[in-house]
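Okay, final.cif is below, mmCIF, C-alpha atoms; chains and numbers go by the auth columns:
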data_protein
loop_
_atom_site.group_PDB
_atom_site.id
_atom_site.type_symbol
_atom_site.label_atom_id
_atom_site.label_comp_id
_atom_site.label_asym_id
_atom_site.label_seq_id
_atom_site.Cartn_x
_atom_site.Cartn_y
_atom_site.Cartn_z
_atom_site.B_iso_or_equiv
_atom_site.auth_seq_id
_atom_site.auth_asym_id
ATOM 1 C CA MET A 1 -98.322 53.843 -11.165 0.00 4 Y
ATOM 2 C CA LYS A 2 -101.504 52.009 -12.103 0.00 5 Y
ATOM 3 C CA GLU A 3 -101.053 48.723 -13.951 0.00 6 Y
ATOM 4 C CA THR A 4 -101.986 48.663 -17.629 0.00 7 Y
ATOM 5 C CA ILE A 5 -105.146 46.640 -18.088 0.00 8 Y
ATOM 6 C CA LEU A 6 -105.296 46.460 -21.875 0.00 9 Y
ATOM 7 C CA SER A 7 -102.701 46.053 -24.605 0.00 10 Y
ATOM 8 C CA ILE A 8 -104.074 47.047 -28.002 0.00 11 Y
ATOM 9 C CA ILE A 9 -102.019 45.437 -30.760 0.00 12 Y
ATOM 10 C CA THR A 10 -102.363 46.808 -34.286 0.00 13 Y
ATOM 11 C CA VAL A 11 -100.756 45.007 -37.208 0.00 14 Y
ATOM 12 C CA ASN A 12 -100.441 46.871 -40.502 0.00 15 Y
ATOM 13 C CA PHE A 13 -99.075 46.428 -44.005 0.00 16 Y
ATOM 14 C CA ASN A 14 -99.638 49.036 -46.725 0.00 17 Y
ATOM 15 C CA ASN A 15 -103.022 50.087 -45.365 0.00 18 Y
ATOM 16 C CA ASN A 16 -102.342 53.693 -44.410 0.00 19 Y
ATOM 17 C CA ARG A 17 -105.931 54.838 -44.908 0.00 20 Y
ATOM 18 C CA GLY A 18 -107.229 52.017 -42.741 0.00 21 Y
ATOM 19 C CA LEU A 19 -104.499 52.678 -40.164 0.00 22 Y
ATOM 20 C CA ILE A 20 -105.504 56.332 -39.914 0.00 23 Y
ATOM 21 C CA ASN A 21 -109.132 55.315 -39.249 0.00 24 Y
ATOM 22 C CA THR A 22 -108.035 52.784 -36.631 0.00 25 Y
ATOM 23 C CA LEU A 23 -105.845 55.287 -34.791 0.00 26 Y
ATOM 24 C CA GLU A 24 -108.617 57.898 -34.807 0.00 27 Y
ATOM 25 C CA SER A 25 -111.025 55.402 -33.239 0.00 28 Y
ATOM 26 C CA VAL A 26 -108.497 54.629 -30.489 0.00 29 Y
ATOM 27 C CA LYS A 27 -107.835 58.312 -29.767 0.00 30 Y
ATOM 28 C CA GLN A 28 -111.581 58.903 -29.263 0.00 31 Y
ATOM 29 C CA GLN A 29 -111.833 56.480 -26.336 0.00 32 Y
ATOM 30 C CA SER A 30 -112.226 57.877 -22.807 0.00 33 Y
ATOM 31 C CA PHE A 31 -110.797 54.681 -21.280 0.00 34 Y
ATOM 32 C CA THR A 32 -107.139 55.328 -20.456 0.00 35 Y
ATOM 33 C CA SER A 33 -105.667 52.168 -18.904 0.00 36 Y
ATOM 34 C CA TYR A 34 -104.228 50.861 -22.143 0.00 37 Y
ATOM 35 C CA GLU A 35 -101.053 50.756 -24.122 0.00 38 Y
ATOM 36 C CA HIS A 36 -100.966 50.695 -27.900 0.00 39 Y
ATOM 37 C CA ILE A 37 -98.480 48.592 -29.829 0.00 40 Y
ATOM 38 C CA ILE A 38 -98.173 48.933 -33.596 0.00 41 Y
ATOM 39 C CA ILE A 39 -96.381 46.380 -35.754 0.00 42 Y
ATOM 40 C CA ASP A 40 -95.914 47.535 -39.336 0.00 43 Y
ATOM 41 C CA ALA A 41 -94.504 45.165 -41.944 0.00 44 Y
ATOM 42 C CA ASN A 42 -92.293 47.750 -43.674 0.00 45 Y
ATOM 43 C CA SER A 43 -95.123 49.527 -45.497 0.00 46 Y
ATOM 44 C CA SER A 44 -94.322 51.799 -48.420 0.00 47 Y
ATOM 45 C CA ASP A 45 -97.600 53.772 -48.497 0.00 48 Y
ATOM 46 C CA GLY A 46 -97.001 56.409 -45.808 0.00 49 Y
ATOM 47 C CA SER A 47 -97.971 54.211 -42.862 0.00 50 Y
ATOM 48 C CA LYS A 48 -94.645 54.739 -41.103 0.00 51 Y
ATOM 49 C CA GLU A 49 -95.100 58.512 -41.254 0.00 52 Y
ATOM 50 C CA THR A 50 -98.623 58.120 -39.854 0.00 53 Y
ATOM 51 C CA ILE A 51 -97.247 56.095 -36.938 0.00 54 Y
ATOM 52 C CA ILE A 52 -94.558 58.704 -36.253 0.00 55 Y
ATOM 53 C CA GLN A 53 -97.235 61.432 -36.158 0.00 56 Y
ATOM 54 C CA TYR A 54 -99.458 59.305 -33.883 0.00 57 Y
ATOM 55 C CA ALA A 55 -96.500 58.828 -31.513 0.00 58 Y
ATOM 56 C CA LYS A 56 -96.317 62.616 -31.147 0.00 59 Y
ATOM 57 C CA GLU A 57 -100.035 62.825 -30.312 0.00 60 Y
ATOM 58 C CA THR A 58 -100.381 60.146 -27.635 0.00 61 Y
ATOM 59 C CA THR A 59 -98.545 58.724 -24.653 0.00 62 Y
ATOM 60 C CA HIS A 60 -100.345 55.395 -25.079 0.00 63 Y
ATOM 61 C CA LEU A 61 -98.126 54.247 -27.945 0.00 64 Y
ATOM 62 C CA THR A 62 -95.551 52.279 -25.981 0.00 65 Y
ATOM 63 C CA TYR A 63 -93.919 50.395 -28.836 0.00 66 Y
ATOM 64 C CA TRP A 64 -93.901 50.451 -32.605 0.00 67 Y
ATOM 65 C CA ILE A 65 -91.721 49.000 -35.300 0.00 68 Y
ATOM 66 C CA SER A 66 -91.692 49.004 -39.078 0.00 69 Y
ATOM 67 C CA GLU A 67 -89.695 46.140 -40.556 0.00 70 Y
ATOM 68 C CA PRO A 68 -90.232 43.257 -42.963 0.00 71 Y
ATOM 69 C CA ASP A 69 -91.855 40.201 -41.422 0.00 72 Y
ATOM 70 C CA ASN A 70 -93.500 36.927 -42.376 0.00 73 Y
ATOM 71 C CA GLY A 71 -97.179 37.883 -42.280 0.00 74 Y
ATOM 72 C CA ILE A 72 -100.010 38.920 -40.007 0.00 75 Y
ATOM 73 C CA TYR A 73 -99.585 36.219 -37.368 0.00 76 Y
ATOM 74 C CA TYR A 74 -95.872 36.882 -37.163 0.00 77 Y
ATOM 75 C CA GLY A 75 -96.714 40.541 -36.554 0.00 78 Y
ATOM 76 C CA MET A 76 -99.296 39.623 -33.901 0.00 79 Y
ATOM 77 C CA ASN A 77 -96.713 37.508 -32.088 0.00 80 Y
ATOM 78 C CA LYS A 78 -94.228 40.395 -32.169 0.00 81 Y
ATOM 79 C CA GLY A 79 -96.913 42.549 -30.576 0.00 82 Y
ATOM 80 C CA ILE A 80 -97.607 39.970 -27.868 0.00 83 Y
ATOM 81 C CA GLU A 81 -93.899 39.924 -26.992 0.00 84 Y
ATOM 82 C CA GLN A 82 -94.075 43.677 -26.239 0.00 85 Y
ATOM 83 C CA ALA A 83 -97.398 43.657 -24.367 0.00 86 Y
ATOM 84 C CA HIS A 84 -97.680 44.438 -20.662 0.00 87 Y
ATOM 85 C CA GLY A 85 -101.466 44.485 -20.272 0.00 88 Y
ATOM 86 C CA GLU A 86 -103.610 41.984 -18.455 0.00 89 Y
ATOM 87 C CA TYR A 87 -105.745 41.678 -21.606 0.00 90 Y
ATOM 88 C CA LEU A 88 -104.732 41.645 -25.287 0.00 91 Y
ATOM 89 C CA TYR A 89 -106.896 43.238 -27.947 0.00 92 Y
ATOM 90 C CA PHE A 90 -106.034 42.749 -31.611 0.00 93 Y
ATOM 91 C CA LEU A 91 -107.252 45.792 -33.533 0.00 94 Y
ATOM 92 C CA ASN A 92 -105.743 45.531 -36.988 0.00 95 Y
ATOM 93 C CA SER A 93 -105.418 48.431 -39.391 0.00 96 Y
ATOM 94 C CA GLY A 94 -108.777 49.169 -40.921 0.00 97 Y
ATOM 95 C CA ASP A 95 -110.656 47.928 -37.834 0.00 98 Y
ATOM 96 C CA CYS A 96 -112.247 50.645 -35.710 0.00 99 Y
ATOM 97 C CA LEU A 97 -113.522 50.816 -32.169 0.00 100 Y
ATOM 98 C CA LYS A 98 -117.073 51.939 -31.644 0.00 101 Y
ATOM 99 C CA GLU A 99 -117.397 55.269 -29.848 0.00 102 Y
ATOM 100 C CA ASP A 100 -116.220 54.922 -26.244 0.00 103 Y
ATOM 101 C CA VAL A 101 -116.623 51.137 -26.260 0.00 104 Y
ATOM 102 C CA LEU A 102 -113.568 50.409 -24.093 0.00 105 Y
ATOM 103 C CA SER A 103 -115.121 52.173 -21.088 0.00 106 Y
ATOM 104 C CA GLN A 104 -118.065 49.750 -21.292 0.00 107 Y
ATOM 105 C CA ILE A 105 -115.950 46.615 -20.815 0.00 108 Y
ATOM 106 C CA GLN A 106 -115.861 45.150 -17.333 0.00 109 Y
ATOM 107 C CA PHE A 107 -112.273 44.037 -16.870 0.00 110 Y
ATOM 108 C CA ASP A 108 -113.123 41.704 -14.018 0.00 111 Y
ATOM 109 C CA GLY A 109 -110.745 38.799 -14.510 0.00 112 Y
ATOM 110 C CA THR A 110 -112.848 37.137 -17.186 0.00 113 Y
ATOM 111 C CA GLN A 111 -110.534 35.041 -19.329 0.00 114 Y
ATOM 112 C CA TYR A 112 -112.057 35.957 -22.710 0.00 115 Y
ATOM 113 C CA ILE A 113 -113.940 39.011 -23.884 0.00 116 Y
ATOM 114 C CA TYR A 114 -115.725 39.153 -27.229 0.00 117 Y
ATOM 115 C CA CYS A 115 -118.125 41.536 -28.859 0.00 118 Y
ATOM 116 C CA ASP A 116 -120.481 42.156 -31.738 0.00 119 Y
ATOM 117 C CA ILE A 117 -119.102 43.544 -34.976 0.00 120 Y
ATOM 118 C CA THR A 118 -120.378 45.842 -37.653 0.00 121 Y
ATOM 119 C CA VAL A 119 -118.908 45.431 -41.118 0.00 122 Y
ATOM 120 C CA ILE A 120 -119.040 48.576 -43.231 0.00 123 Y
ATOM 121 C CA LEU A 121 -119.194 47.675 -46.891 0.00 124 Y
ATOM 122 C CA PRO A 122 -118.878 49.913 -49.968 0.00 125 Y
ATOM 123 C CA ASP A 123 -121.439 52.706 -50.180 0.00 126 Y
ATOM 124 C CA ASN A 124 -121.421 52.802 -46.350 0.00 127 Y
ATOM 125 C CA TYR A 125 -123.711 49.767 -46.145 0.00 128 Y
ATOM 126 C CA LYS A 126 -123.515 48.346 -42.606 0.00 129 Y
ATOM 127 C CA LEU A 127 -123.815 44.679 -41.810 0.00 130 Y
ATOM 128 C CA HIS A 128 -124.181 43.972 -38.075 0.00 131 Y
ATOM 129 C CA ARG A 129 -123.284 40.568 -36.650 0.00 132 Y
ATOM 130 C CA ASP A 130 -124.051 39.459 -33.102 0.00 133 Y
ATOM 131 C CA ILE A 131 -121.401 37.093 -31.810 0.00 134 Y
ATOM 132 C CA GLN A 132 -122.838 34.465 -29.506 0.00 135 Y
#

Target encoding structure tokens, full file:
Amino acid sequence: MKETILSIITVNFNNNRGLINTLESVKQQSFTSYEHIIIDANSSDGSKETIIQYAKETTHLTYWISEPDNGIYYGMNKGIEQAHGEYLYFLNSGDCLKEDVLSQIQFDGTQYIYCDITVILPDNYKLHRDIQ
């Protein structure tokens, strides 16, 4: 079996709409050497049901949990503890991957990978930021 290159860690709390968008952006990727880990902080807005449905639709979801925790960084650390990939990618609920972006990354042993971001504001106004 091929080794998992990428562990995508998604942390969520009461952001079901954002979580749905995040999961859709992950499902649209052609890159397949990843696992997806979702840490939910005991949401009460339908997020748990969304995760259960996502688990039925993909084999990439290797771990998920919905329980109270002590905040976003606590959730990120729980995700790290479950990760098996060579690289970690924090894609929180509400964040979305650009179309097929994972297939464009050269996983060549580089220690850090970063990218540009586009912030979508109300009224679909897009603010692009180059990270240098």

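Evaluating the PyMOL selection byres ((chain Y and resi 14) around 7) against the shown model yields Ile12, Thr13, Asn15, Ile41, Ile42, Asp43, Ile75, Gly78, Met79, Asn95 and Ser96 of chain Y.
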
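Checking Y:Phe110, Y:Tyr66, Y:Phe93, Y:Tyr37 one by one against Thr25 in chain Y, counting only C-alpha atoms, you find the shortest gap at Y:Phe93.
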
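Across the structure, CA of Asn80 in chain Y and CA of Leu94 in chain Y are spaced 13.5 Å apart.
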
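For the atom pair formed by CA of Thr35 in chain Y and CA of Asn17 in chain Y, the distance is 28.0 Å, given to one decimal.
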
With distances taken over only C-alpha atoms, which of Y:Ala86, Y:Ile108, Y:Ile40, Y:Leu9 is nearest to Tyr57 in chain Y? Y:Ile40

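Those residues that approach Glu27 in chain Y to within 10 Å, counting all atoms listed in the file, are Gly21, Leu22, Ile23, Gln31, Gln32, Tyr57, Cys99 and Leu100 of chain Y; same-chain residues fewer than 4 positions away are not listed.
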
Residue selection dump (C-alpha atoms) as a compact mmCIF listing (two decimals), in the coordinates of the input:
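Contents of selection-v9.txt, freshly written:
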# COMPACT_ATOMS: atom_id res chain seq x y z
CA GLY Y 21 -107.23 52.02 -42.74
CA LEU Y 22 -104.50 52.68 -40.16
CA ILE Y 23 -105.50 56.33 -39.91
CA GLN Y 31 -111.58 58.90 -29.26
CA GLN Y 32 -111.83 56.48 -26.34
CA TYR Y 57 -99.46 59.30 -33.88
CA CYS Y 99 -112.25 50.64 -35.71
CA LEU Y 100 -113.52 50.82 -32.17

When you look at Phe34 in chain Y with a cut-off of 9 Å (counting all atoms listed in the file), what residues show up, excluding the ones that are within fewer than 5 positions of it in the same chain? I need them as JSON, numbers by chain. {"Y": [103, 104, 105, 106, 107]}

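Residue nearest Gly112 in chain Y within the list Y:Asn73, Y:Tyr90, Y:Ser50, Y:Ile55: Y:Tyr90 [criterion: smallest interatomic distance, only C-alpha atoms].
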
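Atom to atom, CA of His63 in chain Y and CA of Glu38 in chain Y stand 4.8 Å apart.
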
List the residues selected by the PyMOL selection byres ((chain Y and resi 69) around 6) in the file shown, writing them as a VMD selection string. chain Y and resid 43 to 45 68 70

I need the residue nearest Asn24 in chain Y from this list: Y:Gly74, Y:Gly49, Y:Gly82, Y:Gly97. Use all atoms listed in the file for the distance. Y:Gly97

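Nearest residue to Arg20 in chain Y among Y:Gln56, Y:Leu91, Y:Thr7, Y:Asp98 is Y:Asp98, counting all atoms listed in the file.
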
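With only C-alpha atoms as the basis for measurement, Y:Ser46 is the residue among Y:Ser28, Y:Glu60, Y:Gln109, Y:Ser46 that approaches Asp72 in chain Y most closely.
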
My structure is short of atoms at range 66-79 of chain Y; please model N, CA, C and O atoms there, returning them as a JSON list (two decimals), in the frame of the given file.
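Wrote it out as rebuild_15.json, contents follow:
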[["chain", "number", "residue", "atom", "x", "y", "z"],
["Y", 66, "TYR", "N", -94.88, 51.09, -27.98],
["Y", 66, "TYR", "CA", -93.92, 50.40, -28.84],
["Y", 66, "TYR", "C", -94.45, 50.40, -30.26],
["Y", 66, "TYR", "O", -95.63, 50.21, -30.49],
["Y", 67, "TRP", "N", -93.56, 50.63, -31.20],
["Y", 67, "TRP", "CA", -93.90, 50.45, -32.60],
["Y", 67, "TRP", "C", -92.64, 50.09, -33.35],
["Y", 67, "TRP", "O", -91.53, 50.40, -32.94],
["Y", 68, "ILE", "N", -92.83, 49.39, -34.45],
["Y", 68, "ILE", "CA", -91.72, 49.00, -35.30],
["Y", 68, "ILE", "C", -92.23, 48.89, -36.73],
["Y", 68, "ILE", "O", -93.40, 48.56, -36.96],
["Y", 69, "SER", "N", -91.37, 49.18, -37.66],
["Y", 69, "SER", "CA", -91.69, 49.00, -39.08],
["Y", 69, "SER", "C", -90.52, 48.26, -39.71],
["Y", 69, "SER", "O", -89.45, 48.83, -39.91],
["Y", 70, "GLU", "N", -90.73, 46.99, -39.97],
["Y", 70, "GLU", "CA", -89.70, 46.14, -40.56],
["Y", 70, "GLU", "C", -90.35, 44.98, -41.29],
["Y", 70, "GLU", "O", -91.48, 44.61, -40.97],
["Y", 71, "PRO", "N", -89.67, 44.41, -42.26],
["Y", 71, "PRO", "CA", -90.23, 43.26, -42.96],
["Y", 71, "PRO", "C", -90.50, 42.12, -41.98],
["Y", 71, "PRO", "O", -89.77, 41.93, -41.02],
["Y", 72, "ASP", "N", -91.58, 41.39, -42.24],
["Y", 72, "ASP", "CA", -91.86, 40.20, -41.42],
["Y", 72, "ASP", "C", -92.49, 39.12, -42.29],
["Y", 72, "ASP", "O", -92.56, 39.26, -43.50],
["Y", 73, "ASN", "N", -92.98, 38.09, -41.65],
["Y", 73, "ASN", "CA", -93.50, 36.93, -42.38],
["Y", 73, "ASN", "C", -95.02, 36.82, -42.32],
["Y", 73, "ASN", "O", -95.56, 35.72, -42.35],
["Y", 74, "GLY", "N", -95.73, 37.93, -42.23],
["Y", 74, "GLY", "CA", -97.18, 37.88, -42.28],
["Y", 74, "GLY", "C", -97.86, 38.33, -41.01],
["Y", 74, "GLY", "O", -97.23, 38.64, -40.00],
["Y", 75, "ILE", "N", -99.19, 38.35, -41.07],
["Y", 75, "ILE", "CA", -100.01, 38.92, -40.01],
["Y", 75, "ILE", "C", -99.80, 38.23, -38.66],
["Y", 75, "ILE", "O", -99.69, 38.89, -37.62],
["Y", 76, "TYR", "N", -99.72, 36.91, -38.64],
["Y", 76, "TYR", "CA", -99.58, 36.22, -37.37],
["Y", 76, "TYR", "C", -98.19, 36.42, -36.78],
["Y", 76, "TYR", "O", -98.04, 36.50, -35.56],
["Y", 77, "TYR", "N", -97.21, 36.54, -37.62],
["Y", 77, "TYR", "CA", -95.87, 36.88, -37.16],
["Y", 77, "TYR", "C", -95.90, 38.26, -36.49],
["Y", 77, "TYR", "O", -95.34, 38.45, -35.42],
["Y", 78, "GLY", "N", -96.58, 39.21, -37.13],
["Y", 78, "GLY", "CA", -96.71, 40.54, -36.55],
["Y", 78, "GLY", "C", -97.47, 40.52, -35.23],
["Y", 78, "GLY", "O", -97.09, 41.21, -34.28],
["Y", 79, "MET", "N", -98.54, 39.73, -35.15],
["Y", 79, "MET", "CA", -99.30, 39.62, -33.90],
["Y", 79, "MET", "C", -98.41, 39.08, -32.78],
["Y", 79, "MET", "O", -98.43, 39.58, -31.66]]
